[in-house]
There are 2 protein chains.
Amino acid sequence: MATLSHHPFLSSKLRLTTKPKLRPICPTAVRMSLQETAPSLAVVGVTGAVGQEFLSVLSDRDFPFRSIKMLASKRSSGRRFKFQGHEYTIEELAAESFDGVDIALFSAGGSISKEFGPIAVEKGTIVVDNSSAFRMDEKVPLVIPEVNPEAMEGIKVGMGKGALIANPNCSTIICLMAATPLHRRAKVLRMVVSTYQAASGAGAAAMEELELQTREVLEGKPPTCQIFKQQYAFNLFSHNAPVLSNGYNEEEMKLVKETRKIWNDINVKVTATCIRVPVMRAHAESVNLQFENPLDEDTARDILMNAPGVVVVDDRASNRFPTPLGVSNKDDVAVGRIRRDVSQDGNHGLDIFVCGDQIRKGAALNAVQIAEMLL
Amino acid sequence: MATLSHHPFLSSKLRLTTKPKLRPICPTAVRMSLQETAPSLAVVGVTGAVGQEFLSVLSDRDFPFRSIKMLASKRSSGRRFKFQGHEYTIEELAAESFDGVDIALFSAGGSISKEFGPIAVEKGTIVVDNSSAFRMDEKVPLVIPEVNPEAMEGIKVGMGKGALIANPNCSTIICLMAATPLHRRAKVLRMVVSTYQAASGAGAAAMEELELQTREVLEGKPPTCQIFKQQYAFNLFSHNAPVLSNGYNEEEMKLVKETRKIWNDINVKVTATCIRVPVMRAHAESVNLQFENPLDEDTARDILMNAPGVVVVDDRASNRFPTPLGVSNKDDVAVGRIRRDVSQDGNHGLDIFVCGDQIRKGAALNAVQIAEMLL
């Protein structure tokens, strides 16, 4: 198995990747007939944390496919590994990789997407791209299936046309999974978000560095700072994305701009402060909401309890609320601390606290759900 | 030295207590004459994390005293330790402990303060109390020396009268150190705060548990959960304070109510979400501010650069901003990420990110600064 390094604690409480299940859920006979009409897939960036999770999610959801290409950089090409009982060889990504591919899941960084996304589309492939390369492109739908499935209307496998579909940024997906059902009811006018972001958002190497640093600090050694410029273990810092001229970093502006596009509402006001915390693979977000119409906290809780992909964890008596560990390796986004904002008049404000697995719903799961809508 | 357990990593990057300096800053002759008129002190809860820091801060600031009593529970009484070159024996706290004591620094929990605070006052002692017991008592000043020194006007050692003065909660102190200079200029109408709180706020045992759990998780063992009900290592969770009927926890409502009292402004709107993060001894806070009058970010930065007890760390080009480690064992509160809030009109909103040492300015230093004003 070409999984990433599995330290004991990663593989139990904080495992980096879910080992793809070898046993298909469908009986073999049904699976064989499905496979004839099923799409051909490609995974671009298959050795990364999200690439690995693509395979895990495809497996978990028994996503039908007649073939799957494992694509990565030259450095990884030739490596062999098993997936669903079959042996695969990692191929070096090239223009011809997309010949005959119906759906390609990309997670290999923005520059790879910019270079190979249009090539794949030209060859008739539908690209679901996890990078930020095309998210704000007007012609490219930016989709959370539970939130704005209408944005990808008309894009289907079998129409003979390639297309680009962008996966939103992890923080946006996790925030909007909780905020959208409330927005639909009472219209969000303004949202103030503070994030508590995990190492995984910076890739598998960042997770490994957090673990290494933690061991070093516990042993009284100076921490190795290669991925980040400063100590991460037992510390936190402003998100490492470049800071723009308005003082926001790119991660924060993604929340501002992607929310407007996904909600198709250029007037929604959003501000965000994005912080990295020493947590492995799930993000948390403190979200303050201001509504046009009144929405009391009990109604909000009911709405969230009935929202697809959302689980409410809001037990005040026992102080049990969402945590990053509680949602790690889980599909659902957890919401809690649902309460009327005492700083706003009447029932026009709510505070909520949201946690979601960054690699799963924040990236791979959302992309695979988009792919499912293409079938 | 009766310091708390010093693990290698605590004593370097993350040390729990600063070892009191043995060398006085004043020359001995000056010191001797000062000592004759200097107050007699008592430290209540001297074995705790804040109690230890009281000694450290008294030493660092060369606080004058003619005597000092080291008070704690029966369990610790009789233990001996050196402080500033003299040997002291810890005494069991009792009513008579305060006979002849001018100033007592309390940090032994709310119930001890409630029981012994009034007794000490009755005996003519001025009590600076770090617990929440008297903070919202109308007759008790709640003081951050840089913010509202006027609240303790008329209370002085040598007037022959005892008094209670409350030290605000750590999150409030750290937030208001940064927000007050801006409030004075442009009047804060509303403040949305999300905290990233360290283990130290729950005491030395919580810091030790975070370290122990981290070692356990790294070794693949189940984490010991005695102080908190859930895994803290590589995780975060809603603050462990009890949740009130309005859905806020007590920690959050302290920020709401203490701000109103300290600013003497019952109309200021505050909401807060308080979260514990796996950091040792310094808190961080993401603060969104809404102002009555316009305040641009450059003016705000200038104001903060000139504010006492505040240091601005706001280097956008190199992505260097305040961190908990950066302020650990430091007196100043660090402020950065100072930027115009894009979700508010004109210059009526700012986002800032604040870090402060929870044990030092969040507790012991602020209390000792209050004591300095009594001289």
# chains A, B, ... in the order shown; residues from 1 in each chain; ligands from 1

$ select_by_dssp --residues "segment 91-231 of chain A" --states "strand (DSSP E)" --output "list of chain:residue names"
A:Glu91, A:Glu92, A:Ile103, A:Ala104, A:Leu105, A:Phe106, A:Ile126, A:Val127, A:Val128, A:Asp129, A:Ala163, A:Leu164, A:Ile165, A:Ala166, A:Val188, A:Leu189, A:Arg190, A:Met191, A:Val192, A:Val193, A:Ser194, A:Thr195, A:Tyr196, A:Gln197

$ interface_residues --of "chain B" --to "chain A" --cutoff "8 Å" --atoms "only C-alpha atoms" --output "JSON, numbers by chain"
{"B": [8, 9, 12, 13, 190, 192, 194, 211, 215, 217, 218, 219, 220, 221, 234, 235, 236, 237, 238, 240, 242, 243, 246, 247, 248, 269, 270, 271, 273, 277, 278, 279, 280, 286, 288, 316, 317, 319, 321, 322, 323, 324, 325, 337, 338, 339, 340, 341, 342, 343, 344, 351]}

$ residues_around --residues "Ile173 of chain A" --least-positions-apart "2" --cutoff "12 Å" --atoms "only C-alpha atoms" --output "ChimeraX atom specification"
/A:130,142-148,166-171,175-180,254-255,258-259,262-263,283-285,309-310,332-333,354-367

$ select_by_dssp --residues "segment 95-309 of chain B" --states "helix (DSSP H, G or I)" --output "MDAnalysis selection string"
chainID B and resid 95:98 110:122 149:152 170:186 199:202 204:218 250:263 297:305

$ atom_distance --atom1 "atom CA of Gly51 of chain B" --atom2 "atom CA of Leu105 of chain B"
8.4 Å

$ residues_around --residues "Ala163 of chain B" --least-positions-apart "3" --cutoff "8 Å" --atoms "only C-alpha atoms" --output "VMD selection string"
chain B and resid 121 124 to 127 155

$ write_last_selection --atoms "N, CA and C atoms" --output "PDB file, in the first residue's frame"
ATOM      1  N   VAL B 121      -9.953  41.891  54.750  1.00  0.00           N
ATOM      2  CA  VAL B 121     -10.363  43.303  54.660  1.00  0.00           C
ATOM      3  C   VAL B 121     -10.693  43.837  56.057  1.00  0.00           C
ATOM      4  N   GLY B 124      -7.918  45.050  57.913  1.00  0.00           N
ATOM      5  CA  GLY B 124      -7.203  46.206  57.363  1.00  0.00           C
ATOM      6  C   GLY B 124      -6.315  45.887  56.171  1.00  0.00           C
ATOM      7  N   THR B 125      -6.407  44.661  55.637  1.00  0.00           N
ATOM      8  CA  THR B 125      -5.592  44.258  54.484  1.00  0.00           C
ATOM      9  C   THR B 125      -6.279  44.678  53.182  1.00  0.00           C
ATOM     10  N   ILE B 126      -5.477  45.145  52.227  1.00  0.00           N
ATOM     11  CA  ILE B 126      -6.020  45.377  50.883  1.00  0.00           C
ATOM     12  C   ILE B 126      -5.791  44.099  50.078  1.00  0.00           C
ATOM     13  N   VAL B 127      -6.890  43.521  49.635  1.00  0.00           N
ATOM     14  CA  VAL B 127      -6.848  42.239  48.930  1.00  0.00           C
ATOM     15  C   VAL B 127      -6.921  42.479  47.424  1.00  0.00           C
ATOM     16  N   ILE B 155      -7.894  54.187  47.174  1.00  0.00           N
ATOM     17  CA  ILE B 155      -7.459  52.990  47.900  1.00  0.00           C
ATOM     18  C   ILE B 155      -5.938  53.000  47.936  1.00  0.00           C
TER      19      ILE B 155
END

$ closest_residue --among "B:Val368, B:Phe83, B:Ala120, B:Ala334" --to "Val312 of chain B" --atoms "only C-alpha atoms"
B:Ala334

$ residues_around --residues "Gly158 of chain B" --least-positions-apart "3" --cutoff "12 Å" --atoms "only C-alpha atoms" --output "ChimeraX atom specification"
/B:37-40,100-103,124-126,154-155,161-163,374-375

$ closest_residue --among "A:Glu150, A:Ser132, A:Cys225, A:Val188" --to "Glu250 of chain A" --atoms "only C-alpha atoms"
A:Ser132

$ atom_distance --atom1 "atom CA of Ala202 of chain A" --atom2 "atom CA of Ile227 of chain A"
8.4 Å

$ residues_around --residues "Gly110 of chain A" --least-positions-apart "4" --cutoff "7 Å" --atoms "only C-alpha atoms" --output "CSV table (one decimal) with N, CA and C atoms, in the first residue's frame"
chain,number,residue,atom,x,y,z
A,114,LYS,N,-3.8,24.5,-13.3
A,114,LYS,CA,-3.8,25.5,-14.4
A,114,LYS,C,-3.2,24.9,-15.7
A,131,SER,N,-8.0,22.5,-6.3
A,131,SER,CA,-7.1,23.7,-6.0
A,131,SER,C,-7.9,24.9,-6.2
A,132,SER,N,-7.2,26.1,-5.9
A,132,SER,CA,-7.9,27.3,-6.0
A,132,SER,C,-7.8,27.9,-7.4
A,133,ALA,N,-7.2,27.2,-8.3
A,133,ALA,CA,-6.9,27.8,-9.7
A,133,ALA,C,-8.1,28.4,-10.4

$ decode --residues "segment 348-367 of chain B" --atoms "N, CA and C atoms" --output "PDB file, in the first residue's frame"
ATOM      1  N   HIS B 348     -15.348  51.876   9.836  1.00  0.00           N
ATOM      2  CA  HIS B 348     -16.025  51.658  11.114  1.00  0.00           C
ATOM      3  C   HIS B 348     -15.786  50.271  11.697  1.00  0.00           C
ATOM      4  N   GLY B 349     -14.903  49.507  11.077  1.00  0.00           N
ATOM      5  CA  GLY B 349     -14.634  48.171  11.613  1.00  0.00           C
ATOM      6  C   GLY B 349     -13.182  47.774  11.455  1.00  0.00           C
ATOM      7  N   LEU B 350     -12.674  47.037  12.427  1.00  0.00           N
ATOM      8  CA  LEU B 350     -11.310  46.501  12.365  1.00  0.00           C
ATOM      9  C   LEU B 350     -11.320  45.068  12.853  1.00  0.00           C
ATOM     10  N   ASP B 351     -10.407  44.266  12.289  1.00  0.00           N
ATOM     11  CA  ASP B 351     -10.107  42.947  12.834  1.00  0.00           C
ATOM     12  C   ASP B 351      -8.706  43.011  13.429  1.00  0.00           C
ATOM     13  N   ILE B 352      -8.523  42.425  14.613  1.00  0.00           N
ATOM     14  CA  ILE B 352      -7.187  42.339  15.211  1.00  0.00           C
ATOM     15  C   ILE B 352      -7.001  40.957  15.822  1.00  0.00           C
ATOM     16  N   PHE B 353      -5.746  40.574  16.037  1.00  0.00           N
ATOM     17  CA  PHE B 353      -5.418  39.290  16.662  1.00  0.00           C
ATOM     18  C   PHE B 353      -4.458  39.594  17.818  1.00  0.00           C
ATOM     19  N   VAL B 354      -4.797  39.108  18.992  1.00  0.00           N
ATOM     20  CA  VAL B 354      -4.102  39.491  20.222  1.00  0.00           C
ATOM     21  C   VAL B 354      -3.579  38.247  20.934  1.00  0.00           C
ATOM     22  N   CYS B 355      -2.359  38.311  21.462  1.00  0.00           N
ATOM     23  CA  CYS B 355      -1.832  37.227  22.295  1.00  0.00           C
ATOM     24  C   CYS B 355      -1.259  37.803  23.586  1.00  0.00           C
ATOM     25  N   GLY B 356      -1.478  37.090  24.673  1.00  0.00           N
ATOM     26  CA  GLY B 356      -0.930  37.524  25.958  1.00  0.00           C
ATOM     27  C   GLY B 356      -0.663  36.331  26.851  1.00  0.00           C
ATOM     28  N   ASP B 357       0.379  36.457  27.690  1.00  0.00           N
ATOM     29  CA  ASP B 357       0.702  35.382  28.623  1.00  0.00           C
ATOM     30  C   ASP B 357      -0.412  35.313  29.675  1.00  0.00           C
ATOM     31  N   GLN B 358      -1.066  34.173  29.730  1.00  0.00           N
ATOM     32  CA  GLN B 358      -2.229  34.028  30.607  1.00  0.00           C
ATOM     33  C   GLN B 358      -1.852  34.128  32.077  1.00  0.00           C
ATOM     34  N   ILE B 359      -0.703  33.553  32.445  1.00  0.00           N
ATOM     35  CA  ILE B 359      -0.314  33.545  33.862  1.00  0.00           C
ATOM     36  C   ILE B 359       0.242  34.917  34.259  1.00  0.00           C
ATOM     37  N   ARG B 360       0.880  35.589  33.311  1.00  0.00           N
ATOM     38  CA  ARG B 360       1.570  36.837  33.637  1.00  0.00           C
ATOM     39  C   ARG B 360       0.591  38.026  33.521  1.00  0.00           C
ATOM     40  N   LYS B 361       0.449  38.634  32.348  1.00  0.00           N
ATOM     41  CA  LYS B 361      -0.471  39.784  32.277  1.00  0.00           C
ATOM     42  C   LYS B 361      -1.912  39.342  32.526  1.00  0.00           C
ATOM     43  N   GLY B 362      -2.228  38.099  32.146  1.00  0.00           N
ATOM     44  CA  GLY B 362      -3.590  37.600  32.371  1.00  0.00           C
ATOM     45  C   GLY B 362      -3.918  37.345  33.825  1.00  0.00           C
ATOM     46  N   ALA B 363      -2.935  37.397  34.704  1.00  0.00           N
ATOM     47  CA  ALA B 363      -3.188  37.098  36.127  1.00  0.00           C
ATOM     48  C   ALA B 363      -2.188  37.812  37.039  1.00  0.00           C
ATOM     49  N   ALA B 364      -0.987  37.211  37.218  1.00  0.00           N
ATOM     50  CA  ALA B 364      -0.068  37.671  38.263  1.00  0.00           C
ATOM     51  C   ALA B 364       0.448  39.086  38.040  1.00  0.00           C
ATOM     52  N   LEU B 365       0.879  39.382  36.814  1.00  0.00           N
ATOM     53  CA  LEU B 365       1.436  40.714  36.558  1.00  0.00           C
ATOM     54  C   LEU B 365       0.389  41.794  36.810  1.00  0.00           C
ATOM     55  N   ASN B 366      -0.825  41.577  36.284  1.00  0.00           N
ATOM     56  CA  ASN B 366      -1.870  42.588  36.467  1.00  0.00           C
ATOM     57  C   ASN B 366      -2.144  42.837  37.947  1.00  0.00           C
ATOM     58  N   ALA B 367      -2.159  41.754  38.728  1.00  0.00           N
ATOM     59  CA  ALA B 367      -2.411  41.891  40.173  1.00  0.00           C
ATOM     60  C   ALA B 367      -1.279  42.664  40.847  1.00  0.00           C
TER      61      ALA B 367
END
